[in-house]
Structure formats: C-alpha cells, structure tokens
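**Q** The structure is given below, and queries will be raised subsequently.
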Amino acid sequence: MSVQVSVIIPTRGRDAMLARCLASLFAQDHPQDAIEIVVVNDGGSPATNSLVDQLRIGHANLKCLTQDHQGPAVARNLGIKHSRGGVICFIDDDCVAAADWAGSMARAHEENPGIAAIGGLTVTATDRAPVLLGQFLANGSIETEIKGSRETIFFPTCNVSFKRHVLAAEGFNEDFPLPGGEDLELSWRLYKKGHRFIWNKDIRVTHYREDTLRSCADQAYKYGRGNYLVAYLHRDHPLLKELRTGTLEFWAATLINSLKIPWFSCRLGTALIHEHKIRHPLKKAAVFALFALHKVFYIAGNIVEFFRAGADLIQKERPQKADRPNLLILDITHACNLSCRICDIWKTSRDEKDMDLDSVRSMLSQGKESGFAEIALSGGEVLLRKDIFEIMDHARSIGIKNLGILSNGILINKYMDRLEPYLLDGTIAPVVSLDSLQAKTHNHVRNSDTAWQETVQGLQALSALKRKHPQVNFNLITIIFNENLEELAALVDFVRSLGANSLQFQALLPNNLMMAERKHSPFWVKEERFSLLDNSLDQLKKLKEEAPGFIKNSARNLELMKKYYRGSLTCDDVQCHSGEKTILVSNQGMCTTCFSAYGDIRKQTLKEIMMGPQIVKARAAARKCHWPCLLPCFCD
C-alpha cells in the first residue's frame, strides 16, 4: 500500500516524550504501511536519532531528519519537503494520538475534498491548573465570529492535518523562531486566500503539557512574541485586535492591556472554572492567579517582539516587512508560438528583446531573498526560451519551490521528459491556459488549427505524472469571454478530473500590453448574454464554496465580473494592488504598473526599488484606476 498519511513531529531533546508519542502512532488502527512518520530533530542531541533508528526496526515508514536548531516552523517545512502522503498531519512530541487518529484524518479529507485542513480536539492528560490554562487558550482560539457567523480559522499544530497541495503552495513562515504563532499565521494566511477548515472534535489527541509555573510563564512569553509577529504581518487578524504595531499605538495598547489584567484573569478564569466544573476554592484562586501570570508574561513577549520586528520601520510610509508584495512576476520574453486574437504581446516579439539570463537569475535570487510568497515567469511563451532549463536549474539551486511557469501548454508534451525532474522535486508549477472544452472555440481564440489538441496533450501528460506522483503541482487559467459562458462550470469539472491543483478564471483584457487602455474586443460579453454571464458566475461561486482552495478567485472577484463586463466597475468596487502585493518586472527590466515605471532592475536592487519613493507614487496611481482589470494577481 502506498503512503496515504504523513505524520510530521518536530522535536528537540524530549526523547522520552517522543517515544511515547511514537508508540501511539505505531498503535494506530489504520494500516501501518499507509502511515509515514517523519521526525525532525531540530538541533537536539544525537540520542534522538539513535532512538528513532532503534524504533525503525519493524516500522519501515519511520524516518528522522536532522537540522540545526531553527525552530518548529523550519522543522515542519523540512518534514513537508521529505514526506510523501497526500494528507500531512502534525502532532507534537508531547502528545499521544487516539488509536483512530490517523485513519479519521484520512477519511475526513476524503469526505471533504474542498477543505484545506482538518483539526481535532486536544485534551489534557491532567487537571492541574497550568495545564488546563494552556489548552483552554489554544482550543478557545480555533473558532471566532467573522461577519456574523462562527468560523473556524485556526488549529494548533499538535492536532491538525492538511492536504499536501495546500502546504506545497504555502508552508509555514520561517520568520517565526519560537513555537508560538507560526500555526496561527499559517491558518489566517490560508483563510484569507479562500481555504476553509473543519473542526472534528471526535479526532482526539491527549496533550501531556508540563504543569509547572515556569513552563506556564515560558509558554505565555512565547505566545506573546509569536502573536505580536502575527499581528505585525496580518493587521486584520480577528483574534489580535488588542495588539497594535505602530509605535505610539503599541505602547498605548500595551498600557491598556496591562491595566486590564484583572479583568482578563476574572473573565477567562471564570470560563475555565465553569467548563471544568472546578469547585475547590484554592484551585479556583490558582486559576485566577495563573491567568494573571500568563498575561504578564504574554505582554512581556509582545514587547520583546516589538523591538525585534523593527519598531522604527513601522511608522514609515515606505513598504514594510508586513506589506511586502506576495507575487513577483518576471516578463522574460515576448516570443510566442501562437498569435492569439485576445493577446497583443506576440506582435512585439521582433522589437522586444528577452530579459537576459543574468537578470533573470538575479531577480530569482533577489525574489527568494526578499521573501516573496510566489514567483512566476511570464511572456510570451516562457518555454520558447532556449535557456529555460538553465533558469529552472538556478531556481532549484537557490531553493525556490513552485516557480510559476505561465504557458499556453503547446510545448509541455514535447518537453515532458526534461520537465519531469523539476516537477517531481517541486521546483516548478506550470500554469496552463485553456479557454474552452471545444477545440473549435479554443483554436479560434488562439488563431491556430491545433492549439487545443496540443495543449490538452500537455495537460494529459501532467495529469498522468501527477497520478503517479501526487506532489506534482500544475494549475490552469481560463479567460471568460462571450463564446465560453455556457461551459465555465464544465471546465471546473474537467480541470478537477485532471488532478490539477487549481483553476483561476480571468477577466478578458482589452489590451494586455497597456492594461489601462480600454479598446473594443470582439470577444467581449455581449449585452444580450449578461443574464447568462450572471448565471455562470453564480454557478462558479457555488462551486467555489464546495472547493474553496481549488478555484483561486475569491467569491467577490467572481461577483465583480458582472460589473466589469457591463463597464461599470470602478476603484470604489475594487482597488489595484500593482506595486503593493504584486511586483511586475517587464522584459526590459522595468518594475511597472499600467501607469508608470518605478524602478530599473539594471540600476537598482529589488530591495532598493521596494523601499524607494517612486513605488509609493506608483501604488497610489494604481489604486485610483477607475476600471480595474480584475486580474486576481493585482485585484484579489
């Protein structure tokens, strides 16, 4: 049987606890050969490796990875990279899993294909107050009120599982050095991108937390540091409204939070006492005292992380770490093997030189160093570059994962043997354009007699490879235009049948060379078909609810397309984030929005451009665009 579930356990110097945790995993009622266990020794002693080596006898799917001490976020990412399961579970070394834990996680994901994460209920091994407090706070953060409804937005990593493709695309933020906040940040990042979670309280682990005052204070301090960093990165986090990251705001909020310690202790202490039916007066008093202690050390952690995160940068108008762009797009060629009727880029291929290889390599390195969540190569047809595999080699050498390769798909089947190694190790993630299930429609748009057939052959080759190797990441883009409105929902079904990671619907661009220019397009949705457009978009929104992570557009983005094709969309509806969330580098080396260039990569580093004064002006102009393009990379 192939590995179905990978369980990742970061550990550091707690061998007795680790052995107990592993024993519970060896006793699972799920087939053992379907469970892979990956222990990551985060700078611990060689004794941990020896322990795992001894236990490996009789457990072939157990392995141990070793790294210098870098914290659990880095350790978990290393485990993800070296795991094989389609479902990736996390448990802490001081936890014990119920016998049906792994099997329940696997079944829950199989029954909920559109859900990104499944979390369980974590219970404590004792009823001592320091232990109850820590678990009470963790469990109480899982659900919260958002826009009038109760939403699951977070799971502690002691009892949670994710679909592999979700973690392959995201992963833990390695800026978190301590065990605290990294799981909160990942969950909120995924939630904001449309992923949804299920809390199944029948999936249980028992947490053997330390029950000393010192451990309680240490945990509160780490939570304080981690939570401040989450607030620094995500100022919209609903659980962290009391934290402020501006200098004056921070100290004012810290003062208020300090004065509220008695209120905090009374409110949460009363809730915990009621939940656990605590009656002894001394134990009640201990609960109230421990909540006060927790808050004191939590605030201390806030203060330490405030200085570490760089308080002197927070009030500046220039881009900050929290506001750094998500996506770097490198327009590396205008050469193309098609002359599409909805594209103007190919018309400039004779006059526009490709971005030179050294510049591409430099941008990839700088993008990686700057911490972009995603990097993509665009064109033209990217695979036409003679040095494209040298570019992929460089991306691999610097550790880039899921490098977006935007392609019309025609050359994929031809180059499949050469692409395969980069697909298998996660270096690249092709993004292929397919505009119709009908060869005639697609070929007309692409101005070709064979484009549809060749693109589908390429997609089938990717699909076949993914069936053998689930870690392969490939995605599709479909342009919405007048001729394909009837088949948008069917396209979703077809793309899912291929096993693709995602599908993104894109509004038709009147001019993709000058996106701010609005010229007539014969493919624009006609007025008499607006009702069909609306119905098709409503169908997509329902499908989005069923598979939130698969359809990349937000529901709001899909809804706004109704106004877009009616010509009534303005910056009051949606703002462009070009230069803010997305940096686009043209083939001539200019960082540009539709309205202006704000940096030259041949003269400045990417970091200098992102921290420079021109980008502030470019962002402001982009935000005022009165008819945004609605491309999700700029407007979602």
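Starting from 1 in every chain, residues are counted up; chains themselves are A, B, ... following the order of the structure tokens, and ligands are numbered from 1 as listed.
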Give the strand (DSSP E or B) residues of segment 82-142 of chain A, as assigned by DSSP on the backbone, as a PyMOL selection string.
**A** chain A and resi 87-90+95-97+117-124
**Q** So that I can see what lies close to Ile615 of chain A, please list as JSON, numbers by chain the residues with an atom at most 9 Å from it, counting only C-alpha atoms and leaving out residues fewer than 5 positions away in the same chain.
**A** {"A": [318, 319, 579, 580, 597, 598, 599, 609, 610, 620]}
**Q** Rounded to one decimal in Å, what is the spacing between atom CA of Leu327 of chain A and atom CA of Thr582 of chain A?
**A**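 Result for atom CA of Leu327 of chain A versus atom CA of Thr582 of chain A: 4.7 Å, one decimal.
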**Q** Quick one: of A:Ala309, A:Val166, A:Ala461, A:Ala271, who's nearest to Gly226 of chain A, counting only C-alpha atoms?
**A** A:Ala309
